[in-house]
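Undergrad: Pasting target_35.csv here (CSV, C-alpha atoms and all ligand atoms):
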chain,number,residue,atom,x,y,z
S,224,MET,CA,-36.3,-55.7,-4.0
S,225,THR,CA,-39.5,-57.3,-5.0
S,226,SER,CA,-40.9,-58.0,-8.4
S,227,GLN,CA,-44.1,-59.3,-9.9
S,228,THR,CA,-44.0,-61.4,-13.0
S,229,VAL,CA,-46.8,-60.7,-15.5
S,230,GLY,CA,-47.1,-63.5,-18.0
S,231,THR,CA,-43.8,-65.4,-18.3
S,232,ARG,CA,-41.4,-62.7,-19.4
S,233,VAL,CA,-42.5,-59.3,-17.9
S,234,HIS,CA,-41.0,-58.5,-14.6
S,235,VAL,CA,-42.7,-55.4,-13.0
S,236,ILE,CA,-40.5,-54.1,-10.2
S,237,ASP,CA,-43.0,-53.1,-7.6
S,238,HIS,CA,-40.6,-52.0,-4.9
S,239,PRO,CA,-42.1,-49.0,-3.1
S,240,LEU,CA,-39.1,-46.8,-3.9
S,241,VAL,CA,-39.4,-47.5,-7.6
S,242,GLN,CA,-43.2,-46.9,-7.5
S,243,HIS,CA,-42.8,-43.7,-5.5
S,244,LYS,CA,-40.2,-42.3,-8.0
S,245,LEU,CA,-42.4,-43.3,-11.0
S,246,THR,CA,-45.3,-41.4,-9.6
S,247,LEU,CA,-43.1,-38.3,-9.3
S,248,MET,CA,-42.1,-38.7,-12.9
S,249,ARG,CA,-45.6,-39.1,-14.1
S,250,LYS,CA,-46.7,-35.7,-12.6
S,251,ARG,CA,-47.1,-33.1,-15.3
S,252,GLU,CA,-45.4,-30.4,-13.1
S,253,THR,CA,-42.2,-32.3,-12.5
S,254,SER,CA,-39.3,-30.3,-13.9
S,255,SER,CA,-37.0,-31.6,-16.6
S,256,SER,CA,-34.1,-31.8,-14.2
S,257,ALA,CA,-36.1,-33.7,-11.6
S,258,PHE,CA,-37.5,-36.0,-14.3
S,259,ARG,CA,-34.0,-36.8,-15.5
S,260,ARG,CA,-32.7,-37.5,-12.0
S,261,LEU,CA,-35.7,-39.7,-11.2
S,262,ALA,CA,-35.3,-41.7,-14.5
S,263,SER,CA,-31.7,-42.3,-13.6
S,264,GLU,CA,-32.5,-43.3,-10.0
S,265,ILE,CA,-35.2,-45.7,-10.9
S,266,SER,CA,-32.9,-47.3,-13.5
S,267,GLY,CA,-30.3,-47.9,-10.9
S,268,LEU,CA,-32.9,-49.6,-8.8
S,269,LEU,CA,-34.1,-51.7,-11.7
S,270,ALA,CA,-30.4,-52.7,-12.3
S,271,TYR,CA,-30.5,-54.5,-8.8
S,272,GLU,CA,-33.3,-56.8,-9.9
S,273,VAL,CA,-31.9,-57.3,-13.4
S,274,THR,CA,-28.5,-58.4,-12.1
S,275,ARG,CA,-29.9,-60.6,-9.4
S,276,HIS,CA,-28.7,-63.8,-11.1
S,277,HIS,CA,-25.6,-62.3,-12.7
S,278,PRO,CA,-22.6,-64.6,-12.0
S,279,LEU,CA,-20.1,-63.6,-9.3
S,280,THR,CA,-16.4,-64.4,-9.3
S,281,PHE,CA,-14.5,-65.0,-6.1
S,282,VAL,CA,-11.3,-63.2,-5.5
S,283,ARG,CA,-8.9,-63.3,-2.6
S,284,ILE,CA,-8.7,-60.0,-0.7
S,285,ASN,CA,-7.3,-58.8,2.6
S,286,THR,CA,-9.6,-57.0,5.0
S,287,PRO,CA,-7.7,-55.1,7.8
S,288,LEU,CA,-8.2,-58.3,9.9
S,289,LYS,CA,-8.0,-61.3,7.6
S,290,SER,CA,-7.6,-62.7,4.1
S,291,MET,CA,-10.8,-64.0,2.6
S,292,SER,CA,-12.4,-65.1,-0.7
S,293,ALA,CA,-15.0,-62.5,-1.6
S,294,PRO,CA,-17.5,-62.2,-4.4
S,295,LEU,CA,-17.2,-59.6,-7.2
S,296,LEU,CA,-19.6,-58.8,-10.0
S,297,ASP,CA,-17.8,-58.8,-13.4
S,298,GLY,CA,-19.3,-55.5,-14.6
S,299,LYS,CA,-17.4,-55.7,-17.9
S,300,LYS,CA,-19.6,-58.7,-18.8
S,301,LEU,CA,-22.6,-56.3,-18.9
S,302,VAL,CA,-23.3,-54.0,-21.8
S,303,VAL,CA,-25.9,-51.3,-21.5
S,304,ILE,CA,-27.2,-50.5,-25.0
S,305,SER,CA,-29.2,-47.2,-25.1
S,306,ILE,CA,-31.8,-46.7,-27.7
S,307,MET,CA,-31.2,-43.0,-28.5
S,308,ARG,CA,-32.0,-40.5,-27.5
S,309,ALA,CA,-34.2,-41.1,-24.4
S,310,GLY,CA,-32.5,-44.3,-23.4
S,311,THR,CA,-29.5,-42.2,-22.3
S,312,ALA,CA,-31.1,-41.4,-19.0
S,313,ILE,CA,-31.8,-45.0,-18.3
S,314,ALA,CA,-28.3,-46.1,-19.3
S,315,ASP,CA,-26.8,-43.3,-17.0
S,316,GLY,CA,-28.6,-44.7,-14.0
S,317,ILE,CA,-27.5,-48.3,-14.6
S,318,ILE,CA,-23.9,-47.2,-15.2
S,319,ASP,CA,-24.0,-45.3,-11.9
S,320,ALA,CA,-25.0,-48.6,-10.2
S,321,ILE,CA,-22.5,-50.7,-12.2
S,322,PRO,CA,-19.7,-48.3,-13.2
S,323,SER,CA,-17.6,-51.1,-14.9
S,324,ALA,CA,-20.4,-52.0,-17.3
S,325,ARG,CA,-19.7,-51.3,-21.0
S,326,MET,CA,-22.0,-49.1,-23.1
S,327,GLY,CA,-23.4,-49.3,-26.6
S,328,HIS,CA,-25.8,-47.1,-28.6
S,329,ILE,CA,-28.4,-47.6,-31.3
S,330,GLY,CA,-30.1,-44.8,-33.2
S,331,LEU,CA,-33.4,-45.5,-35.0
S,332,TYR,CA,-36.1,-43.5,-36.6
S,333,ARG,CA,-39.4,-44.3,-38.3
S,334,ASP,CA,-39.6,-43.5,-42.0
S,335,ARG,CA,-42.8,-41.6,-42.4
S,336,LYS,CA,-43.4,-42.9,-46.0
S,337,THR,CA,-42.6,-46.5,-45.5
S,338,GLN,CA,-43.4,-46.8,-41.8
S,339,MET,CA,-40.2,-48.9,-41.5
S,340,THR,CA,-37.8,-48.5,-38.7
S,341,VAL,CA,-34.4,-47.3,-40.0
S,342,GLU,CA,-31.1,-47.6,-38.2
S,343,TYR,CA,-28.8,-44.6,-38.4
S,344,TYR,CA,-26.2,-45.5,-35.8
S,345,PHE,CA,-24.9,-48.6,-34.0
S,346,LYS,CA,-21.9,-49.1,-31.9
S,347,ALA,CA,-21.4,-51.9,-29.4
S,348,PRO,CA,-18.3,-53.3,-27.7
S,349,ARG,CA,-16.4,-56.2,-29.2
S,350,ASN,CA,-16.8,-59.8,-28.0
S,351,MET,CA,-20.5,-59.6,-27.3
S,352,SER,CA,-20.7,-63.4,-27.1
S,353,ASP,CA,-19.0,-63.0,-23.6
S,354,ARG,CA,-21.5,-60.4,-22.4
S,355,THR,CA,-25.1,-59.8,-21.3
S,356,ALA,CA,-26.8,-57.0,-23.2
S,357,LEU,CA,-29.2,-54.7,-21.4
S,358,VAL,CA,-31.2,-52.9,-24.1
S,359,VAL,CA,-32.8,-49.8,-22.6
S,360,ASP,CA,-35.5,-47.2,-23.5
S,361,PRO,CA,-37.8,-45.4,-21.0
S,362,MET,CA,-41.0,-46.5,-22.9
S,363,LEU,CA,-42.1,-49.7,-24.5
S,364,ALA,CA,-44.9,-48.2,-26.6
S,365,THR,CA,-45.7,-49.9,-30.0
S,366,GLY,CA,-42.6,-52.0,-29.5
S,367,HIS,CA,-41.2,-51.3,-33.0
S,368,SER,CA,-38.0,-49.6,-31.9
S,369,ALA,CA,-37.4,-52.2,-29.2
S,370,GLU,CA,-38.0,-55.0,-31.7
S,371,ALA,CA,-35.6,-53.5,-34.2
S,372,ALA,CA,-32.9,-52.7,-31.6
S,373,ILE,CA,-33.1,-56.2,-30.1
S,374,THR,CA,-32.9,-57.8,-33.6
S,375,ARG,CA,-29.7,-55.7,-34.2
S,376,VAL,CA,-28.2,-56.6,-30.9
S,377,LYS,CA,-29.0,-60.2,-31.3
S,378,GLY,CA,-26.9,-60.1,-34.5
S,379,THR,CA,-23.8,-59.5,-32.3
S,380,ASN,CA,-24.5,-62.8,-30.5
S,381,PRO,CA,-24.6,-61.6,-26.9
S,382,ARG,CA,-24.6,-64.3,-24.2
S,383,GLU,CA,-27.9,-63.1,-22.9
S,384,LEU,CA,-30.2,-60.2,-23.7
S,385,VAL,CA,-32.7,-58.3,-21.5
S,386,PHE,CA,-34.9,-55.3,-22.3
S,387,ILE,CA,-35.4,-52.6,-19.6
S,388,CYS,CA,-37.9,-49.8,-19.7
S,389,LEU,CA,-39.8,-47.7,-17.1
S,390,ILE,CA,-43.3,-48.0,-18.5
S,391,ALA,CA,-44.6,-50.6,-20.9
S,392,ALA,CA,-47.9,-50.7,-22.9
S,393,PRO,CA,-49.6,-54.1,-23.2
S,394,GLU,CA,-49.4,-53.6,-27.0
S,395,GLY,CA,-45.7,-53.2,-26.9
S,396,VAL,CA,-45.3,-56.2,-24.7
S,397,ASP,CA,-47.3,-58.4,-27.1
S,398,TYR,CA,-45.4,-57.1,-30.1
S,399,LEU,CA,-42.0,-57.7,-28.5
S,400,HIS,CA,-43.1,-61.2,-27.4
S,401,THR,CA,-44.2,-62.0,-30.9
S,402,TYR,CA,-40.8,-61.3,-32.3
S,403,HIS,CA,-38.5,-62.0,-29.3
S,404,PRO,CA,-40.3,-64.4,-27.0
S,405,ASP,CA,-37.0,-65.3,-25.4
S,406,VAL,CA,-36.2,-61.7,-24.2
S,407,PRO,CA,-37.3,-60.8,-20.7
S,408,ILE,CA,-38.7,-57.4,-20.1
S,409,TYR,CA,-38.0,-55.5,-16.8
S,410,CYS,CA,-40.1,-52.4,-16.1
S,411,ALA,CA,-41.6,-50.3,-13.3
S,412,ALA,CA,-45.2,-50.5,-14.7
S,413,VAL,CA,-47.4,-51.9,-17.4
S,414,ASP,CA,-49.9,-49.1,-18.2
S,415,GLU,CA,-53.4,-49.1,-19.8
S,416,GLY,CA,-52.5,-48.9,-23.4
S,417,LEU,CA,-51.6,-46.5,-26.3
S,418,ASP,CA,-53.5,-43.4,-27.4
S,419,PRO,CA,-54.1,-42.8,-31.2
S,420,SER,CA,-50.8,-41.0,-31.4
S,421,GLY,CA,-48.9,-43.9,-29.9
S,422,TYR,CA,-48.4,-42.4,-26.5
S,423,ILE,CA,-48.6,-44.6,-23.4
S,424,VAL,CA,-51.7,-43.8,-21.2
S,425,PRO,CA,-51.5,-42.6,-18.5
S,426,GLY,CA,-47.7,-42.8,-19.0
S,427,PHE,CA,-45.7,-39.7,-18.5
S,428,GLY,CA,-45.8,-38.1,-22.0
S,429,ASP,CA,-42.8,-37.8,-24.3
S,430,ALA,CA,-39.9,-39.2,-22.4
S,431,GLY,CA,-37.2,-37.6,-24.6
S,432,ASP,CA,-38.8,-34.1,-24.4
S,433,ARG,CA,-39.2,-34.4,-20.6
S,434,ILE,CA,-35.6,-35.7,-20.1
S,435,PHE,CA,-34.0,-33.1,-22.3
S,436,GLY,CA,-36.4,-30.2,-21.8
S,437,THR,CA,-37.1,-29.9,-25.6
S,438,LYS,CA,-40.7,-29.0,-25.4
P,1,LIG,N1,-42.5,-42.6,-26.4
P,1,LIG,C1,-42.6,-41.7,-25.4
P,1,LIG,O1,-41.7,-40.9,-25.1
P,1,LIG,N2,-43.7,-41.6,-24.7
P,1,LIG,C2,-44.8,-42.5,-24.9
P,1,LIG,O2,-45.8,-42.4,-24.2
P,1,LIG,C3,-44.6,-43.4,-26.0
P,1,LIG,C4,-43.5,-43.4,-26.7
Could you write out this structure as C-alpha cells?
TA:
Amino acid sequence: MTSQTVGTRVHVIDHPLVQHKLTLMRKRETSSSAFRRLASEISGLLAYEVTRHHPLTFVRINTPLKSMSAPLLDGKKLVVISIMRAGTAIADGIIDAIPSARMGHIGLYRDRKTQMTVEYYFKAPRNMSDRTALVVDPMLATGHSAEAAITRVKGTNPRELVFICLIAAPEGVDYLHTYHPDVPIYCAAVDEGLDPSGYIVPGFGDAGDRIFGTK
C-alpha cells in the first residue's frame, strides 16, 4: 500500500486499487448498491494504511509443525466511530477488515437558524483511554461535522485519534487543521474545493443519498 503525504497531516492513499474504486464511485451512473459496496471496499483498504503502525502483541501458538511466537493485532483497542448516517458505509468496511474492532456512533445536524452543529446522539465504548479512535465520514467538506465529532470524541480521552474519509476538500482540511492540528487525516483524494452549496467538486455528490438510495 502506498500513500502520499500532503502537508504534514493528510495522507492520501494513492494505491491503484483505491483510486480505481474511487473512480467507479464518482461515476454518476453507479448504482446505489455498487456505490455502497465500493465505499466499504475502499474503507477496508484504507484501514490497512491507518493500522500500519498499530502495535502487535505476540502470542504463543502451535502450527501443525511447530510452536511459535506470532504477532496479533489487538482489534479491541480500535474503535471505529461513525458520523451518522453516511459514516456507516465506511465503518462497515473497516469492521470487515478488523472484525474485533469496537464501534461507536455520533449523530450531528446543523441548526439552520444558528448555523451551529448540534449533537443528537453519542455512544462510544468504555475505557477509551486504552483505545485508538477512528472517526469516519465519507466526505470532509466544510469540516464542521468532523470538527464537532472529533471535539466530542477527544472528550472521552482516546489514546490516539485519526480521521478517515474518502474525499476531502482543501477547505475542510484547513478547517480541521485549525481546530485539531494533532489529528491525522487519511483519505483517497483531496478534490478541487466546495461549490456554493457545500458539495465537494468534482466529488461524488451526496454520499448519504448515494449509499442509501434516498434520492
Ligand atoms: N456531503 C456529501 O455527502 N457530499 C459532499 O460533496 C459534501 C458533503
Undergrad: Counting all atoms listed in the file, which residue out of S:Ser368, S:Ser255, S:Ser420, S:Ser305 sits closest to S:Arg333?
TA: S:Ser368
Undergrad: Report as a Markdown table the residues of chain S within 7 Å of ligand LIG 1 (chain P), each with its shortest atom pair and distance in Å (one decimal), using only C-alpha atoms and all ligand atoms, ordered by chain and increasing residue number.
TA:
| residue | atom | partner | partner_atom | distance |
| --- | --- | --- | --- | --- |
| S:Met362 | CA | P:LIG1 | N1 | 5.5 |
| S:Leu363 | CA | P:LIG1 | C4 | 6.8 |
| S:Ala364 | CA | P:LIG1 | C3 | 4.8 |
| S:Gly421 | CA | P:LIG1 | C3 | 5.8 |
| S:Tyr422 | CA | P:LIG1 | O2 | 3.5 |
| S:Ile423 | CA | P:LIG1 | O2 | 3.6 |
| S:Val424 | CA | P:LIG1 | O2 | 6.8 |
| S:Gly426 | CA | P:LIG1 | O2 | 5.6 |
| S:Phe427 | CA | P:LIG1 | O2 | 6.3 |
| S:Gly428 | CA | P:LIG1 | O2 | 4.8 |
| S:Asp429 | CA | P:LIG1 | O1 | 3.4 |
| S:Ala430 | CA | P:LIG1 | O1 | 3.7 |
| S:Gly431 | CA | P:LIG1 | O1 | 5.6 |
Undergrad: Tell me, as a list in words, which residues lie within 10 Å of S:Glu264, counting all atoms listed in the file; anything in the same chain fewer than 5 positions away does not count.
TA: Leu240, Val241, Lys244, Leu245, Phe258, Arg259, Leu269, Ala270, Ala312, Ile313, Asp315, Gly316, Ile317, Asp319 and Ala320 of chain S
Undergrad: Counting only C-alpha atoms, which residue out of S:Ile390, S:Leu331, S:Asp397, S:Val302 sits closest to S:Glu415?
TA: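 Between S:Ile390, S:Leu331, S:Asp397, S:Val302, the residue approaching S:Glu415 most closely is S:Ile390.
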Undergrad: As a list in words, please: the residues near S:Val359 (cut-off 6 Å, all atoms listed in the file, same-chain neighbours under 6 positions excluded).
TA: Ser305, Gly310, Phe386, Ile387 and Cys388 of chain S
Undergrad: Can I get the selected residues back with C-alpha atoms, as a compact mmCIF listing (two decimals), in the frame of the given file?
TA:
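The file below, result29.txt, is the result:
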# COMPACT_ATOMS: atom_id res chain seq x y z
CA SER S 305 -29.20 -47.20 -25.10
CA GLY S 310 -32.50 -44.30 -23.40
CA PHE S 386 -34.90 -55.30 -22.30
CA ILE S 387 -35.40 -52.60 -19.60
CA CYS S 388 -37.90 -49.80 -19.70
Undergrad: Provide the atom CA of S:Gly378 to atom CA of S:Ser352 distance in Å, to one decimal place.
TA: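 Computing it gives 10.2 Å between the two atoms.
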